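Colleague: You'll find my_file05.cif just under this line, and it carries mmCIF, C-alpha atoms and all ligand atoms.
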data_start
loop_
_atom_site.label_atom_id
_atom_site.label_comp_id
_atom_site.auth_asym_id
_atom_site.auth_seq_id
_atom_site.Cartn_x
_atom_site.Cartn_y
_atom_site.Cartn_z
CA MET A 264 -15.69 -14.76 -10.27
CA ASN A 265 -15.15 -12.40 -13.23
CA VAL A 266 -12.36 -10.04 -12.18
CA LEU A 267 -11.33 -6.81 -13.88
CA ILE A 268 -7.77 -5.84 -12.95
CA THR A 269 -6.95 -2.20 -13.61
CA GLY A 270 -3.23 -1.91 -14.29
CA GLY A 271 -3.48 -5.59 -15.18
CA THR A 272 -0.34 -5.85 -17.31
CA GLY A 273 1.89 -4.45 -14.55
CA VAL A 274 4.14 -6.17 -12.03
CA ASN A 275 1.45 -7.11 -9.53
CA GLY A 276 -1.40 -7.36 -12.05
CA ALA A 277 0.41 -10.04 -14.03
CA VAL A 278 0.93 -12.21 -10.95
CA LEU A 279 -2.65 -11.75 -9.79
CA ALA A 280 -3.85 -12.72 -13.28
CA ARG A 281 -1.72 -15.88 -13.17
CA LEU A 282 -3.12 -16.83 -9.76
CA LEU A 283 -6.74 -16.30 -10.85
CA LEU A 284 -6.13 -18.33 -14.01
CA SER A 285 -4.71 -21.20 -11.96
CA GLU A 286 -8.01 -21.24 -10.07
CA GLY A 287 -10.14 -21.43 -13.20
CA ASP A 288 -11.05 -17.75 -13.59
CA ARG A 289 -10.40 -15.76 -16.76
CA PRO A 290 -9.43 -12.27 -15.61
CA VAL A 291 -9.80 -9.12 -17.70
CA LEU A 292 -6.64 -7.01 -17.76
CA PHE A 293 -7.49 -3.34 -18.25
CA ASP A 294 -4.44 -1.19 -18.94
CA ASN A 295 -3.53 1.81 -21.05
CA ARG A 296 -0.20 0.22 -21.93
CA MET A 297 -0.30 -2.96 -23.98
CA ASP A 298 3.11 -4.17 -22.89
CA PHE A 299 3.00 -7.96 -22.78
CA SER A 300 6.48 -8.52 -21.35
CA LEU A 301 5.16 -9.64 -17.95
CA ILE A 302 2.25 -11.71 -19.27
CA ALA A 303 3.90 -13.41 -22.24
CA ASP A 304 3.03 -16.85 -20.84
CA ILE A 305 -0.67 -16.14 -20.20
CA LYS A 306 -1.53 -13.57 -22.87
CA GLU A 307 -3.80 -15.94 -24.79
CA LYS A 308 -5.65 -17.10 -21.68
CA VAL A 309 -6.79 -13.70 -20.35
CA ASP A 310 -8.92 -10.94 -21.85
CA LEU A 311 -6.98 -7.78 -22.59
CA VAL A 312 -8.68 -4.41 -22.75
CA GLU A 313 -6.65 -1.40 -23.78
CA GLY A 314 -8.19 1.52 -21.93
CA ASP A 315 -7.52 4.40 -19.61
CA ILE A 316 -9.04 4.64 -16.14
CA LEU A 317 -9.44 8.33 -16.90
CA ASP A 318 -12.04 7.29 -19.49
CA PRO A 319 -15.21 6.42 -17.50
CA GLU A 320 -17.01 5.03 -20.55
CA ALA A 321 -14.17 2.64 -21.36
CA LEU A 322 -14.27 1.33 -17.81
CA ARG A 323 -18.02 0.82 -17.86
CA ARG A 324 -17.88 -0.89 -21.24
CA ALA A 325 -15.18 -3.27 -20.06
CA ILE A 326 -17.19 -4.12 -16.95
CA SER A 327 -20.46 -4.75 -18.75
CA ASN A 328 -19.00 -6.46 -21.84
CA HIS A 329 -17.16 -8.96 -19.67
CA HIS A 330 -19.86 -9.43 -17.02
CA ILE A 331 -17.44 -8.35 -14.32
CA THR A 332 -18.35 -9.26 -10.74
CA HIS A 333 -15.21 -8.01 -8.90
CA VAL A 334 -12.67 -5.23 -9.44
CA ALA A 335 -9.04 -5.18 -8.33
CA HIS A 336 -7.88 -1.59 -8.75
CA LEU A 337 -4.10 -1.50 -9.26
CA ALA A 338 -3.54 1.20 -11.92
CA ALA A 339 -1.37 4.00 -10.57
CA LEU A 340 1.80 5.97 -11.20
CA MET A 341 4.69 4.77 -9.07
CA PRO A 342 6.71 7.23 -6.92
CA ASP A 343 9.28 8.43 -9.49
CA PRO A 344 6.85 9.03 -12.38
CA ALA A 345 4.48 10.63 -9.86
CA GLU A 346 7.15 13.12 -8.75
CA ALA A 347 8.00 13.78 -12.40
CA ASN A 348 4.39 14.43 -13.36
CA PRO A 349 2.43 15.43 -10.24
CA ARG A 350 -0.75 16.53 -12.00
CA MET A 351 -1.05 13.30 -13.92
CA ALA A 352 -0.27 11.24 -10.81
CA VAL A 353 -3.04 12.96 -8.84
CA LYS A 354 -5.42 12.63 -11.79
CA ILE A 355 -4.79 8.91 -12.22
CA GLY A 356 -4.93 8.37 -8.46
CA ALA A 357 -7.92 10.46 -7.38
CA GLU A 358 -9.98 10.84 -10.58
CA GLY A 359 -9.09 7.32 -11.72
CA THR A 360 -10.27 5.87 -8.41
CA VAL A 361 -13.51 7.86 -8.58
CA ASN A 362 -14.06 6.52 -12.11
CA VAL A 363 -13.53 2.96 -10.91
CA LEU A 364 -15.92 3.50 -8.00
CA GLU A 365 -18.56 5.19 -10.18
CA ALA A 366 -18.37 2.30 -12.64
CA ALA A 367 -18.69 -0.15 -9.73
CA ARG A 368 -21.74 1.73 -8.46
CA ALA A 369 -23.38 1.90 -11.87
CA CYS A 370 -22.71 -1.77 -12.64
CA LYS A 371 -23.55 -2.98 -9.13
CA ILE A 372 -20.12 -4.40 -8.43
CA PRO A 373 -20.23 -5.07 -4.69
CA ARG A 374 -16.51 -4.81 -3.90
CA VAL A 375 -13.41 -2.98 -5.11
CA VAL A 376 -10.01 -4.02 -3.78
CA PHE A 377 -7.48 -1.20 -3.86
CA THR A 378 -3.69 -1.58 -3.75
CA SER A 379 -2.42 0.95 -1.24
CA SER A 380 1.03 1.14 0.26
CA LYS A 381 3.19 1.57 3.34
CA ALA A 382 3.82 5.00 1.80
CA VAL A 383 0.66 6.22 3.60
CA TYR A 384 2.68 6.13 6.84
CA GLY A 385 5.75 7.96 5.55
CA GLU A 386 8.69 7.84 7.89
CA ILE A 387 8.58 5.01 10.43
CA ILE A 388 10.10 6.21 13.68
CA GLY A 389 10.07 5.50 17.42
CA ASP A 390 9.62 1.93 18.60
CA CYS A 391 8.40 0.84 15.17
CA GLY A 392 11.63 1.99 13.52
CA HIS A 393 15.24 0.90 13.84
CA PRO A 394 16.40 -0.86 16.00
CA LYS A 395 13.31 -2.16 17.86
CA PHE A 396 11.03 -2.70 14.86
CA VAL A 397 7.84 -3.14 16.85
CA PRO A 398 5.32 -4.27 14.18
CA VAL A 399 3.41 -1.45 12.50
CA ARG A 400 -0.38 -1.63 12.82
CA GLU A 401 -2.97 0.02 10.62
CA ASP A 402 -3.51 2.80 13.17
CA TYR A 403 0.11 4.04 12.87
CA PRO A 404 -0.07 7.81 12.12
CA GLN A 405 -0.32 8.69 8.46
CA LYS A 406 2.26 11.27 7.46
CA PRO A 407 3.13 10.50 3.84
CA ALA A 408 6.64 11.62 2.93
CA ASP A 409 6.06 11.84 -0.83
CA LEU A 410 3.36 12.58 -3.39
CA TYR A 411 2.79 8.88 -4.05
CA GLY A 412 1.94 8.31 -0.37
CA ALA A 413 -0.29 11.40 -0.24
CA ILE A 414 -2.23 10.12 -3.28
CA LYS A 415 -2.71 6.71 -1.63
CA VAL A 416 -4.11 8.43 1.49
CA CYS A 417 -6.47 10.42 -0.72
CA CYS A 418 -7.64 7.34 -2.69
CA GLU A 419 -8.30 5.42 0.52
CA ALA A 420 -10.39 8.32 1.84
CA ILE A 421 -12.40 8.53 -1.39
CA GLY A 422 -12.98 4.78 -1.35
CA ASN A 423 -14.04 4.81 2.30
CA TYR A 424 -16.51 7.56 1.48
CA TYR A 425 -18.02 5.52 -1.35
CA ARG A 426 -18.37 2.56 0.98
CA GLU A 427 -20.19 4.60 3.63
CA ARG A 428 -22.29 6.61 1.20
CA TYR A 429 -23.05 4.11 -1.57
CA GLY A 430 -22.28 0.71 -0.08
CA VAL A 431 -19.46 -0.18 -2.49
CA GLU A 432 -17.21 -2.36 -0.35
CA PHE A 433 -13.84 -0.68 -0.76
CA VAL A 434 -10.95 -2.66 0.70
CA SER A 435 -7.49 -1.10 1.01
CA LEU A 436 -4.46 -3.34 1.13
CA ARG A 437 -1.38 -1.46 2.30
CA PHE A 438 1.62 -3.35 1.01
CA ALA A 439 5.06 -3.54 2.56
CA SER A 440 8.08 -3.39 0.22
CA ILE A 441 7.49 -5.70 -2.74
CA TYR A 442 9.89 -7.55 -5.01
CA GLY A 443 8.93 -9.42 -8.13
CA PRO A 444 9.69 -9.95 -11.81
CA GLY A 445 9.41 -6.76 -13.83
CA LYS A 446 10.05 -4.36 -10.97
CA GLU A 447 13.62 -3.78 -12.06
CA VAL A 448 12.53 -2.56 -15.48
CA ARG A 449 9.43 -0.74 -14.29
CA HIS A 450 10.44 0.81 -11.00
CA GLY A 451 14.18 1.32 -11.25
CA ALA A 452 15.75 2.41 -8.00
CA LEU A 453 12.79 1.16 -5.96
CA SER A 454 13.58 -2.39 -6.89
CA PHE A 455 16.63 -3.09 -4.75
CA TYR A 456 15.94 -6.84 -4.55
CA GLY A 457 14.95 -7.11 -8.21
CA GLN A 458 18.24 -5.52 -9.22
CA LEU A 459 20.16 -7.81 -6.92
CA ILE A 460 18.51 -10.95 -8.32
CA GLU A 461 18.68 -9.91 -11.96
CA LYS A 462 22.30 -8.77 -11.80
CA VAL A 463 23.22 -12.18 -10.42
CA MET A 464 21.15 -13.87 -13.14
CA ARG A 465 23.09 -11.88 -15.76
CA GLY A 466 26.38 -12.93 -14.19
CA GLU A 467 27.21 -9.38 -13.12
CA GLU A 468 29.15 -8.59 -9.99
CA VAL A 469 27.33 -6.98 -7.04
CA ASN A 470 29.41 -4.99 -4.61
CA LEU A 471 27.69 -2.82 -2.01
CA PRO A 472 29.68 -1.31 0.83
CA GLU A 473 26.91 -1.54 3.44
CA GLY A 474 23.34 -2.54 4.16
CA GLY A 475 23.59 -6.33 4.48
CA ASP A 476 21.88 -6.27 7.88
CA GLN A 477 19.10 -3.84 7.07
CA VAL A 478 15.88 -5.23 8.52
CA ASN A 479 12.73 -4.67 6.50
CA ASP A 480 9.44 -6.42 5.75
CA VAL A 481 9.96 -7.44 2.14
CA MET A 482 7.27 -9.47 0.43
CA TYR A 483 7.15 -11.40 -2.81
CA VAL A 484 4.54 -10.56 -5.47
CA GLY A 485 3.09 -14.04 -5.06
CA ASP A 486 1.83 -13.02 -1.62
CA VAL A 487 0.55 -9.71 -3.00
CA ALA A 488 -1.61 -11.65 -5.47
CA LEU A 489 -2.73 -14.04 -2.75
CA SER A 490 -3.90 -11.20 -0.50
CA ILE A 491 -5.78 -9.46 -3.32
CA ARG A 492 -7.51 -12.69 -4.25
CA LEU A 493 -8.53 -13.25 -0.62
CA ALA A 494 -9.81 -9.69 -0.30
CA LEU A 495 -11.87 -10.15 -3.47
CA ARG A 496 -13.35 -13.45 -2.40
CA VAL A 497 -13.83 -13.40 1.36
CA GLU A 498 -17.46 -13.09 2.43
CA ARG A 499 -18.96 -10.75 5.02
CA LEU A 500 -16.11 -8.35 5.65
CA HIS A 501 -16.37 -5.86 8.52
CA HIS A 502 -12.85 -4.51 8.39
CA TRP A 503 -11.59 -2.57 5.40
CA THR A 504 -7.94 -1.59 5.69
CA PHE A 505 -5.11 -4.06 6.04
CA ASN A 506 -1.35 -4.06 6.34
CA ILE A 507 -0.04 -6.79 4.07
CA GLY A 508 3.52 -8.04 4.34
CA THR A 509 5.30 -11.07 5.71
CA GLY A 510 5.03 -10.00 9.34
CA ARG A 511 8.76 -10.54 9.79
CA GLY A 512 11.94 -8.71 8.98
CA SER A 513 14.38 -10.02 6.43
CA THR A 514 17.80 -8.71 5.44
CA PRO A 515 19.69 -8.45 2.13
CA ARG A 516 22.04 -11.06 3.56
CA GLU A 517 19.21 -13.62 3.45
CA PHE A 518 18.69 -12.81 -0.23
CA VAL A 519 22.41 -13.29 -0.86
CA THR A 520 22.28 -16.71 0.81
CA ALA A 521 19.25 -17.73 -1.28
CA LEU A 522 20.94 -16.48 -4.47
CA LYS A 523 24.20 -18.23 -3.69
CA SER A 524 22.40 -21.54 -3.29
CA LEU A 525 20.91 -21.10 -6.78
CA PHE A 526 24.00 -19.53 -8.35
CA PRO A 527 27.01 -20.92 -6.46
CA HIS A 528 29.45 -18.83 -8.53
CA ALA A 529 27.61 -15.54 -7.96
CA ARG A 530 29.93 -12.65 -7.14
CA ILE A 531 28.02 -10.75 -4.42
CA GLU A 532 29.54 -8.70 -1.66
CA ILE A 533 27.35 -6.63 0.66
CA GLY A 534 28.93 -4.91 3.63
CA PRO A 535 27.41 -5.06 7.11
CA GLY A 536 25.10 -2.73 8.99
CA PRO A 537 21.93 -0.90 8.03
CA SER A 538 21.40 0.65 4.64
CA GLN A 539 21.67 4.37 4.04
CA LEU A 540 20.56 4.27 0.39
CA GLY A 541 20.66 8.05 0.41
CA ARG A 542 17.22 8.30 1.99
CA ALA A 543 16.42 11.22 4.24
CA LYS A 544 13.40 9.45 5.70
CA SER A 545 13.48 5.78 6.46
CA SER A 546 10.41 3.61 6.03
CA TYR A 547 12.08 0.35 6.97
CA CYS A 548 9.70 -1.54 9.22
CA ILE A 549 7.91 -4.78 9.94
CA PHE A 550 4.16 -4.97 9.41
CA ASP A 551 1.71 -6.33 11.93
CA ILE A 552 -0.43 -8.54 9.68
CA SER A 553 -2.74 -9.88 12.37
CA ALA A 554 -5.82 -8.03 11.04
CA ALA A 555 -5.27 -9.54 7.57
CA ARG A 556 -4.78 -12.97 9.14
CA GLU A 557 -7.99 -12.67 11.13
CA HIS A 558 -10.33 -11.05 8.60
CA LEU A 559 -8.96 -12.22 5.24
CA GLY A 560 -7.42 -15.53 6.27
CA TYR A 561 -4.13 -14.21 4.84
CA ALA A 562 -0.98 -16.19 5.58
CA PRO A 563 2.10 -15.43 3.49
CA ILE A 564 3.54 -18.45 1.71
CA TYR A 565 6.81 -17.07 0.31
CA ASP A 566 9.88 -16.93 2.52
CA VAL A 567 13.01 -15.39 0.99
CA GLU A 568 14.25 -18.66 -0.49
CA LYS A 569 10.92 -19.54 -2.10
CA GLY A 570 10.42 -16.00 -3.38
CA VAL A 571 13.87 -15.82 -4.97
CA CYS A 572 13.37 -19.25 -6.62
CA ASP A 573 10.00 -18.25 -8.05
CA TYR A 574 11.42 -14.91 -9.26
CA VAL A 575 14.23 -16.65 -11.13
CA GLU A 576 11.92 -19.31 -12.62
CA THR A 577 9.39 -16.70 -13.72
CA ILE A 578 12.00 -14.54 -15.45
CA ARG A 579 13.35 -17.61 -17.26
CA ARG A 580 9.85 -18.63 -18.35
CA LEU A 581 8.97 -15.13 -19.57
CA ARG A 582 12.18 -14.84 -21.56
CA ALA A 583 12.15 -18.39 -22.97
N1 LIG A 601 5.47 -2.53 -6.39
C1 LIG A 601 5.43 -2.13 -5.12
O1 LIG A 601 6.43 -2.21 -4.40
C2 LIG A 601 4.14 -1.64 -4.54
C3 LIG A 601 4.08 -1.44 -3.19
C4 LIG A 601 2.88 -1.01 -2.64
C5 LIG A 601 1.79 -0.79 -3.48
N2 LIG A 601 1.89 -0.98 -4.82
C6 LIG A 601 0.73 -0.69 -5.65
O2 LIG A 601 0.37 -1.81 -6.42
C7 LIG A 601 -0.23 -1.37 -7.64
C8 LIG A 601 0.42 -2.04 -8.81
O3 LIG A 601 1.81 -1.73 -8.78
P1 LIG A 601 2.83 -2.43 -9.77
O4 LIG A 601 4.06 -2.66 -9.01
O5 LIG A 601 2.16 -3.56 -10.46
O6 LIG A 601 3.05 -1.20 -10.79
P2 LIG A 601 3.18 -1.22 -12.39
O7 LIG A 601 3.67 0.13 -12.76
O8 LIG A 601 3.97 -2.40 -12.83
O9 LIG A 601 1.68 -1.42 -12.83
C9 LIG A 601 0.75 -0.38 -12.84
C10 LIG A 601 -0.02 -0.50 -14.14
O10 LIG A 601 -1.01 0.54 -14.19
C11 LIG A 601 -1.10 0.94 -15.52
N3 LIG A 601 -1.68 2.28 -15.60
C12 LIG A 601 -1.11 3.45 -15.20
N4 LIG A 601 -1.94 4.47 -15.50
C13 LIG A 601 -3.05 3.94 -16.06
C14 LIG A 601 -4.25 4.49 -16.57
N5 LIG A 601 -4.45 5.82 -16.57
N6 LIG A 601 -5.17 3.68 -17.09
C15 LIG A 601 -4.96 2.33 -17.14
N7 LIG A 601 -3.84 1.74 -16.68
C16 LIG A 601 -2.89 2.55 -16.14
C17 LIG A 601 0.33 0.91 -16.04
O11 LIG A 601 0.39 0.85 -17.47
C18 LIG A 601 0.88 -0.33 -15.37
O12 LIG A 601 0.78 -1.48 -16.21
C19 LIG A 601 -0.09 0.15 -7.66
O13 LIG A 601 -1.31 0.72 -7.25
C20 LIG A 601 1.00 0.41 -6.66
O14 LIG A 601 0.89 1.68 -6.11
C21 LIG A 601 3.04 -1.41 -5.36
#
Would it be possible to restate this file's structure as structure tokens?
Ligand SMILES: NC(=O)c1ccc[n+]([C@@H]2O[C@H](COP(=O)([O-])OP(=O)(O)OC[C@H]3O[C@@H](n4cnc5c(N)ncnc54)[C@H](O)[C@@H]3O)[C@@H](O)[C@H]2O)c1
Modeller:
Amino acid sequence: MNVLITGGTGVNGAVLARLLLSEGDRPVLFDNRMDFSLIADIKEKVDLVEGDILDPEALRRAISNHHITHVAHLAALMPDPAEANPRMAVKIGAEGTVNVLEAARACKIPRVVFTSSKAVYGEIIGDCGHPKFVPVREDYPQKPADLYGAIKVCCEAIGNYYRERYGVEFVSLRFASIYGPGKEVRHGALSFYGQLIEKVMRGEEVNLPEGGDQVNDVMYVGDVALSIRLALRVERLHHWTFNIGTGRGSTPREFVTALKSLFPHARIEIGPGPSQLGRAKSSYCIFDISAAREHLGYAPIYDVEKGVCDYVETIRRLRA
């Protein structure tokens, strides 16, 4: 399998690249930012292509030069940069996705796996919200609460059209909240768990007045990579859109316990109750991952303890 990963040097791209390498593939990382901080350990073992998904020729060249057979399309602007630069966010999202799909069509790439998000649903209310947390299925109404979510809805629709019209198998993976190495630097405020882990690693004190019991489906990047790899590889798909998470709720308190077992002297205090985090619209939820289990064979392997351990080890390895 020769995989091109758009946005390949990012948080999720780096972990996907590592997983593919461990299975004997040599992925091609296509990114307009040659920042090697998250791939320092594998830089020599992958192919790096500096290019913009807004440049159709660059995409096509990368695909044909590297005999690409599969595309994982991750490149995007995250919520804050998208709000700061709406035109560019829409361009990278919509036009970038069309460019990827056109290149796939022209080069006869049968399948494109797209990284979507829980943001397509927007606010999670009713039985699926606090306090019942009935698992959210893929048919939950889509009412994106921000531009990022609206762009994901748009990209999914474009991809679905290409599948129906041109037969490019477009698979959308809607991820729950993700934590993983690099998110703290890249995604700032969105990386609550990354900040928690990295502050403890730096020996800093963490003191939050509330939120220790906030339930949410929080997944580790290792499971993100696993699900993308499955979606790329699985044969004869008949289902195209999947919620991907852990299928269970975890709380910040569980992260504190995992951190304290690794760093017994950590100074962490998080008060009880749900988190307010200043959000007007809450998207805390638990994903129903039964469709991904059935059609992709997806089964998450990282519980909180394992995820936190891998996070800490990866950061140490990258900074060694
Ligand atoms: N991190 C999360 O919590 C989360 C949750 C749900 C979905 N996702 C999705 O997963 C994907 C990857 O997210 P991430 O966390 O790795 O983000 P990231 O910002 O770390 O990586 C995205 C990469 O895309 C690249 N990129 C941006 N514009 C580009 C362009 N025009 N041409 C080429 N490359 C470009 C960036 O340089 C960056 O390396 C995104 O599509 C994101 O929306 C992330």
Colleague: So, counting only C-alpha atoms, which residue among A:Ile316, A:Ala352, A:Val291, A:Cys548 is closest to A:Arg400?
Modeller: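 Closest to A:Arg400 of all the choices is A:Cys548.
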Colleague: Between A:Pro342, A:Pro349, A:Gly510, A:Gly466, single out the one closest to A:Asp566, counting all atoms listed in the file.
Modeller: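 That would be A:Gly510, the residue with the smallest distance to A:Asp566.
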Colleague: So, counting all atoms listed in the file, which residue among A:Ile441, A:Val309, A:Ala408, A:Val431 is closest to A:Gly271?
Modeller: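 Once distances to A:Gly271 are computed over all atoms listed in the file, the minimum belongs to A:Val309.
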Colleague: What gap, in Å, lies between atom CA of A:Val399 and atom CA of A:Ile549?
Modeller: 6.2 Å
Colleague: For A:Arg289, which residue out of A:Ile355, A:Asp480, A:Leu267, A:Lys415 is the nearest one, using all atoms listed in the file?
Modeller: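 Result for the nearest residue to A:Arg289: A:Leu267.
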Colleague: What would the file be for stretch 276-343 of chain A if you keep C-alpha atoms and write it as a short mmCIF file (atom, residue, chain, number, x, y, z; two decimals), in the first residue's frame?
Modeller:
data_model
loop_
_atom_site.label_atom_id
_atom_site.label_comp_id
_atom_site.auth_asym_id
_atom_site.auth_seq_id
_atom_site.Cartn_x
_atom_site.Cartn_y
_atom_site.Cartn_z
CA GLY A 276 -0.46 12.55 10.22
CA ALA A 277 2.73 11.85 12.16
CA VAL A 278 1.12 9.04 14.15
CA LEU A 279 -0.48 7.52 11.07
CA ALA A 280 2.90 7.63 9.32
CA ARG A 281 4.52 5.83 12.27
CA LEU A 282 1.84 3.13 12.23
CA LEU A 283 2.17 2.55 8.46
CA LEU A 284 5.96 2.38 8.79
CA SER A 285 5.66 -0.23 11.52
CA GLU A 286 3.69 -2.35 9.06
CA GLY A 287 6.30 -2.11 6.32
CA ASP A 288 4.80 0.72 4.24
CA ARG A 289 6.70 3.88 3.34
CA PRO A 290 4.15 6.69 3.46
CA VAL A 291 4.45 9.97 1.57
CA LEU A 292 3.83 13.00 3.78
CA PHE A 293 2.43 15.89 1.73
CA ASP A 294 2.34 19.16 3.66
CA ASN A 295 2.87 22.84 2.98
CA ARG A 296 4.73 23.21 6.26
CA MET A 297 8.02 21.37 6.58
CA ASP A 298 7.99 21.30 10.36
CA PHE A 299 9.68 18.09 11.46
CA SER A 300 9.05 18.45 15.20
CA LEU A 301 6.47 15.64 15.28
CA ILE A 302 8.30 13.30 12.91
CA ALA A 303 11.87 13.74 14.12
CA ASP A 304 12.18 9.99 14.78
CA ILE A 305 10.90 8.84 11.36
CA LYS A 306 11.93 11.68 9.06
CA GLU A 307 14.50 9.57 7.20
CA LYS A 308 12.13 6.64 6.73
CA VAL A 309 9.25 8.46 5.01
CA ASP A 310 9.03 10.48 1.80
CA LEU A 311 8.39 14.15 2.38
CA VAL A 312 6.76 16.33 -0.26
CA GLU A 313 6.45 20.03 0.37
CA GLY A 314 3.28 21.09 -1.42
CA ASP A 315 -0.04 22.81 -1.06
CA ILE A 316 -3.34 21.01 -1.57
CA LEU A 317 -4.46 24.19 -3.28
CA ASP A 318 -1.97 23.32 -6.04
CA PRO A 319 -3.63 20.55 -8.10
CA GLU A 320 -0.49 19.89 -10.16
CA ALA A 321 1.64 19.39 -7.06
CA LEU A 322 -0.86 16.85 -5.76
CA ARG A 323 -0.96 14.94 -9.03
CA ARG A 324 2.82 14.93 -9.30
CA ALA A 325 3.19 13.59 -5.78
CA ILE A 326 0.67 10.84 -6.49
CA SER A 327 2.20 9.73 -9.77
CA ASN A 328 5.86 10.13 -8.76
CA HIS A 329 5.34 7.94 -5.71
CA HIS A 330 2.96 5.41 -7.30
CA ILE A 331 0.34 6.20 -4.69
CA THR A 332 -2.46 3.66 -4.25
CA HIS A 333 -4.34 5.21 -1.28
CA VAL A 334 -4.92 8.75 0.03
CA ALA A 335 -5.53 9.80 3.62
CA HIS A 336 -6.74 13.40 3.45
CA LEU A 337 -5.95 15.19 6.72
CA ALA A 338 -4.84 18.69 5.67
CA ALA A 339 -7.12 21.34 7.15
CA LEU A 340 -7.17 24.48 9.25
CA MET A 341 -8.16 23.81 12.84
CA PRO A 342 -11.00 25.79 14.51
CA ASP A 343 -9.05 28.83 15.76
#
